[in-house]
Amino acid sequence: MPFIDLKAQYAALKDRIAQRMQAVLDHGQYIMGPEVKELETKLAAYAGVKHCITVASGTEALLIALMALDLQPGDEVIITPFTFAATAEVIVLLGGVPVFVDIEPDSCNIDARLIEAAITPRTRAIMPVSLYGQVADMDEINAIAARHGHIPVIEDAAQSFGASYRGKKSCGLSTWGATSFFPSKPLGCYGDGGALFTDDDALAQAAREIRVHGQSQRYTHTRLGVGGRMDTLQCAIVLAKLERFDWEIQQRLAIGERYQDLMAGLPVQRLAVRGNRDCVWAQFTLQLGDREAVIGRLNAAGIPTAIHYPKPLHLQPAYAQRCRVPAPLPHAEAAAARVLSLPMSADLQPAQQDQVIAALRAALA
């Protein structure tokens with residue numbers, strides 16, 4: 001059983017992907033070809049924002065968002081320690097300081113109630129992560145940011161593109177939305193890719209310049225930049241996948257709900273999904289004790305697993321001396337010791353789910 005069934009997805013889209021890729025091969029504009037603008041227009045409409053800027057990866061999206069905000073050495077950015085390293089990495093690369101705030105123990109998203117106490121005069125941005133496919137409490141986070149001089153808020157939506165929050169889409173909820181098109185994401189390409197979303201005209205223009213080495217026009221470098229473009233072939237692949245995306249989101253919602261129902265009564269902690277939002281289950285993650293023994297039994301039964309994430313960032317050697325931790329982080333540390341991700345994709349079949357749950361039940365017994 002695959003952990004993420006990209007082969008089944010490709011089989012369903014094979015002809016359309018081939019057509020899209022062949023069009024790029026025919027016109028030969030492999031960098032900034034017409035598919036780039038087409039994808040940006042469609043993604044902006046999907047997220048309900050004015051501007052989408054495609055970039056080379058989800059990490060590049062976060063980096064460019066901070067560069068567009070002119071993050072300076074010593075500036076602080078409030079984030080969660082329970083996330084992939086890229087969230088903190090881009091801050092440190094620019095000389096900034098990640099400020100870690102603990103998570104909600106049941107959703108694993110940043111606890112918005114703890115953010116205000118972490119704000120200082122050096123706070124330049126707040127960067128919540130929409131973990132596992134569920135948007136964080138963006139209304140409360142935006143309200144806190146507004147109370148403190150309209151601090152920019154960047155939604156790290158690498159795992160949540162397609163998710164809804166109070167009737168709006170992830171990536172259309174704050175100053176910046178940043179997502180990833182890594183192959184395993186809800187909307188993925190066949191390499192690296194990502195996108196930024198904003199309603200701010202000046203920030204959008206800055207990001208467009210930054211992604212092409214800071215150029216406002218060819219060989220006119222108006223700001224520092226990076227080589228951060230998403231290539232045309234990857235945009236073409238995402239365009240093909242976008243045609244099936246609404247169906248895939250509905251499948252993810254249904255499969256996630258079925259997983260939750262099948263686990264009723266098992267000695268595991270299911271992820272809490274708040275009533276005013278949904279979860280697109282970039283990973284289907286639960287919490288349990290004796291994790292290593294359960295993993296061993298599941299793997300022996302042919303069930304692949306993963307851990308997202310085994311060590312919070314404030315305990316990682318690269319960041320331990322480069323961050324600020326204003327308060328203890330017991331929930332992030334506890335979750336890191338207990339989380340386990342099970343097979344999940346839009347093409348996961350009911351029989352496969354039943355097989356996973358039967359193996360989990362036996363492993364827990």
# chains A, B, ... in the order shown; residues from 1 in each chain; ligands from 1

call {"tool": "residues_around", "arguments": {"residues": "range 150-166 of chain A", "least_positions_apart": "6", "cutoff": "8 Å", "atoms": "only C-alpha atoms", "output": "MDAnalysis selection string"}}
result
chainID A and resid 58 62 65 87 123:135 141:142 173:181 185:187 249 276:282

call {"tool": "residues_around", "arguments": {"residues": "Arg297 in chain A", "least_positions_apart": "6", "cutoff": "9 Å", "atoms": "only C-alpha atoms", "output": "VMD selection string"}}
result
chain A and resid 303 359 to 360 362 to 364

call {"tool": "residues_around", "arguments": {"residues": "range 105-114 of chain A", "least_positions_apart": "3", "cutoff": "6 Å", "atoms": "only C-alpha atoms", "output": "ChimeraX atom specification"}}
result
/A:80,117,131,136,141,271-272,331

call {"tool": "closest_residue", "arguments": {"among": "A:Ala254, A:Val101, A:Ala320, A:Val226", "to": "Gly214 in chain A", "atoms": "only C-alpha atoms"}}
result
A:Val226

call {"tool": "atom_distance", "arguments": {"atom1": "CA of Glu60 in chain A", "atom2": "CA of Gly194 in chain A"}}
result
7.4 Å

call {"tool": "closest_residue", "arguments": {"among": "A:Leu286, A:Lys168, A:Arg361, A:Leu71", "to": "Asp139 in chain A", "atoms": "only C-alpha atoms"}}
result
A:Lys168

call {"tool": "select_by_dssp", "arguments": {"residues": "range 206-352 of chain A", "states": "alpha helix (DSSP H)", "output": "MDAnalysis selection string"}}
result
chainID A and resid 206:210 232:262 291:300 330:338 350:352

call {"tool": "select_by_dssp", "arguments": {"residues": "range 153-295 of chain A", "states": "strand (DSSP E or B)", "output": "PyMOL selection string"}}
result
chain A and resi 153-156+164-165+168-169+176-180+194-198+212+215-217+220-221+227+269-270+277+279+284-287

call {"tool": "closest_residue", "arguments": {"among": "A:Met1, A:Ile79, A:Ala301, A:Val24", "to": "Val325 in chain A", "atoms": "only C-alpha atoms"}}
result
A:Ile79

call {"tool": "residues_around", "arguments": {"residues": "Ala18 in chain A", "least_positions_apart": "5", "cutoff": "9 Å", "atoms": "only C-alpha atoms", "output": "list in words"}}
result
Leu13, Ala23, Ile237 and Ala240 of chain A

call {"tool": "residues_around", "arguments": {"residues": "Glu292 in chain A", "least_positions_apart": "4", "cutoff": "10 Å", "atoms": "only C-alpha atoms", "output": "list in words"}}
result
Gly296, Arg297, Leu298, Ala337, Arg338 and Leu340 of chain A

call {"tool": "write_last_selection", "arguments": {"atoms": "N, CA, C and O atoms", "output": "short mmCIF file (atom, residue, chain, number, x, y, z; two decimals), in the first residue's frame"}}
result
data_model
loop_
_atom_site.label_atom_id
_atom_site.label_comp_id
_atom_site.auth_asym_id
_atom_site.auth_seq_id
_atom_site.Cartn_x
_atom_site.Cartn_y
_atom_site.Cartn_z
N GLY A 296 6.09 -0.44 14.29
CA GLY A 296 6.65 -1.72 13.92
C GLY A 296 5.59 -2.74 13.53
O GLY A 296 5.74 -3.47 12.53
N ARG A 297 4.50 -2.78 14.28
CA ARG A 297 3.43 -3.72 13.98
C ARG A 297 2.69 -3.34 12.69
O ARG A 297 2.31 -4.21 11.90
N LEU A 298 2.50 -2.05 12.47
CA LEU A 298 1.85 -1.61 11.23
C LEU A 298 2.73 -1.92 10.02
O LEU A 298 2.24 -2.42 8.99
N ALA A 337 6.29 13.55 20.36
CA ALA A 337 6.52 12.19 20.85
C ALA A 337 5.35 11.25 20.56
O ALA A 337 5.50 10.03 20.74
N ARG A 338 4.21 11.80 20.08
CA ARG A 338 3.00 10.99 19.99
C ARG A 338 2.37 10.93 18.60
O ARG A 338 1.56 10.05 18.33
N LEU A 340 1.49 10.31 14.70
CA LEU A 340 1.74 9.28 13.70
C LEU A 340 0.81 9.52 12.52
O LEU A 340 -0.40 9.71 12.70
#

call {"tool": "residues_around", "arguments": {"residues": "range 36-52 of chain A", "least_positions_apart": "3", "cutoff": "7 Å", "atoms": "only C-alpha atoms", "output": "list of chain:residue names"}}
result
A:Met32, A:Gly33, A:Lys169, A:Ser170, A:Cys171, A:Gly172, A:Ala195, A:Leu196, A:Phe197, A:Thr198, A:Asp199, A:Ala204, A:Thr232, A:Cys235, A:Leu239

call {"tool": "residues_around", "arguments": {"residues": "Ile357 in chain A", "least_positions_apart": "5", "cutoff": "12 Å", "atoms": "only C-alpha atoms", "output": "short mmCIF file (atom, residue, chain, number, x, y, z; two decimals) with C-alpha atoms, in the first residue's frame"}}
result
data_model
loop_
_atom_site.label_atom_id
_atom_site.label_comp_id
_atom_site.auth_asym_id
_atom_site.auth_seq_id
_atom_site.Cartn_x
_atom_site.Cartn_y
_atom_site.Cartn_z
CA ARG A 258 -14.39 8.13 7.54
CA TYR A 259 -10.99 7.63 9.18
CA GLN A 260 -12.20 9.61 12.19
CA ASP A 261 -15.37 7.52 12.45
CA LEU A 262 -13.52 4.21 12.09
CA MET A 263 -11.22 5.18 14.96
CA ALA A 264 -14.02 5.79 17.42
CA GLY A 265 -13.34 3.72 20.50
CA LEU A 266 -9.66 3.12 19.76
CA VAL A 268 -5.83 7.13 20.07
CA LEU A 298 1.85 -1.61 11.23
CA ALA A 301 1.33 -5.69 8.33
CA ILE A 303 0.98 -0.39 6.34
CA LEU A 342 -1.31 7.01 8.19
CA PRO A 343 -1.78 6.51 4.42
CA PRO A 350 -12.48 2.19 1.37
CA ALA A 351 -11.01 -1.31 1.36
CA GLN A 352 -7.55 0.17 1.90
CA ALA A 362 -4.43 -5.17 16.02
CA ALA A 363 -1.29 -3.11 16.67
CA LEU A 364 -2.94 -1.28 19.56
#

call {"tool": "atom_distance", "arguments": {"atom1": "CA of Ser184 in chain A", "atom2": "CA of Gln283 in chain A"}}
result
9.2 Å

call {"tool": "atom_distance", "arguments": {"atom1": "CA of Gly225 in chain A", "atom2": "CA of Glu209 in chain A"}}
result
7.0 Å

call {"tool": "decode", "arguments": {"residues": "range 175-189 of chain A", "atoms": "N, CA and C atoms", "output": "short mmCIF file (atom, residue, chain, number, x, y, z; two decimals), in the first residue's frame"}}
result
data_model
loop_
_atom_site.label_atom_id
_atom_site.label_comp_id
_atom_site.auth_asym_id
_atom_site.auth_seq_id
_atom_site.Cartn_x
_atom_site.Cartn_y
_atom_site.Cartn_z
N THR A 175 -2.36 38.90 5.25
CA THR A 175 -1.49 39.72 4.42
C THR A 175 -0.90 38.91 3.27
N TRP A 176 -0.35 37.77 3.63
CA TRP A 176 0.22 36.83 2.67
C TRP A 176 -0.34 35.44 2.92
N GLY A 177 -0.57 34.69 1.87
CA GLY A 177 -0.75 33.25 1.96
C GLY A 177 0.36 32.62 1.15
N ALA A 178 0.94 31.55 1.66
CA ALA A 178 2.05 30.90 0.96
C ALA A 178 1.81 29.40 0.95
N THR A 179 1.87 28.80 -0.24
CA THR A 179 1.64 27.37 -0.32
C THR A 179 2.73 26.68 -1.12
N SER A 180 2.69 25.35 -1.09
CA SER A 180 3.67 24.51 -1.75
C SER A 180 2.97 23.58 -2.73
N PHE A 181 3.64 23.30 -3.85
CA PHE A 181 3.15 22.31 -4.80
C PHE A 181 4.08 21.10 -4.85
N PHE A 182 4.76 20.84 -3.75
CA PHE A 182 5.54 19.61 -3.63
C PHE A 182 4.62 18.44 -3.97
N PRO A 183 5.14 17.39 -4.62
CA PRO A 183 4.26 16.34 -5.14
C PRO A 183 3.26 15.75 -4.16
N SER A 184 3.60 15.68 -2.88
CA SER A 184 2.71 15.04 -1.91
C SER A 184 1.64 15.98 -1.35
N LYS A 185 1.68 17.24 -1.71
CA LYS A 185 0.71 18.19 -1.17
C LYS A 185 -0.67 17.97 -1.79
N PRO A 186 -1.72 18.55 -1.19
CA PRO A 186 -3.06 18.38 -1.78
C PRO A 186 -3.13 18.77 -3.26
N LEU A 187 -2.43 19.83 -3.65
CA LEU A 187 -2.29 20.19 -5.06
C LEU A 187 -0.79 20.21 -5.35
N GLY A 188 -0.30 19.18 -6.04
CA GLY A 188 1.13 19.03 -6.22
C GLY A 188 1.55 18.99 -7.67
N CYS A 189 2.81 19.36 -7.93
CA CYS A 189 3.37 19.22 -9.27
C CYS A 189 4.27 17.99 -9.29
#
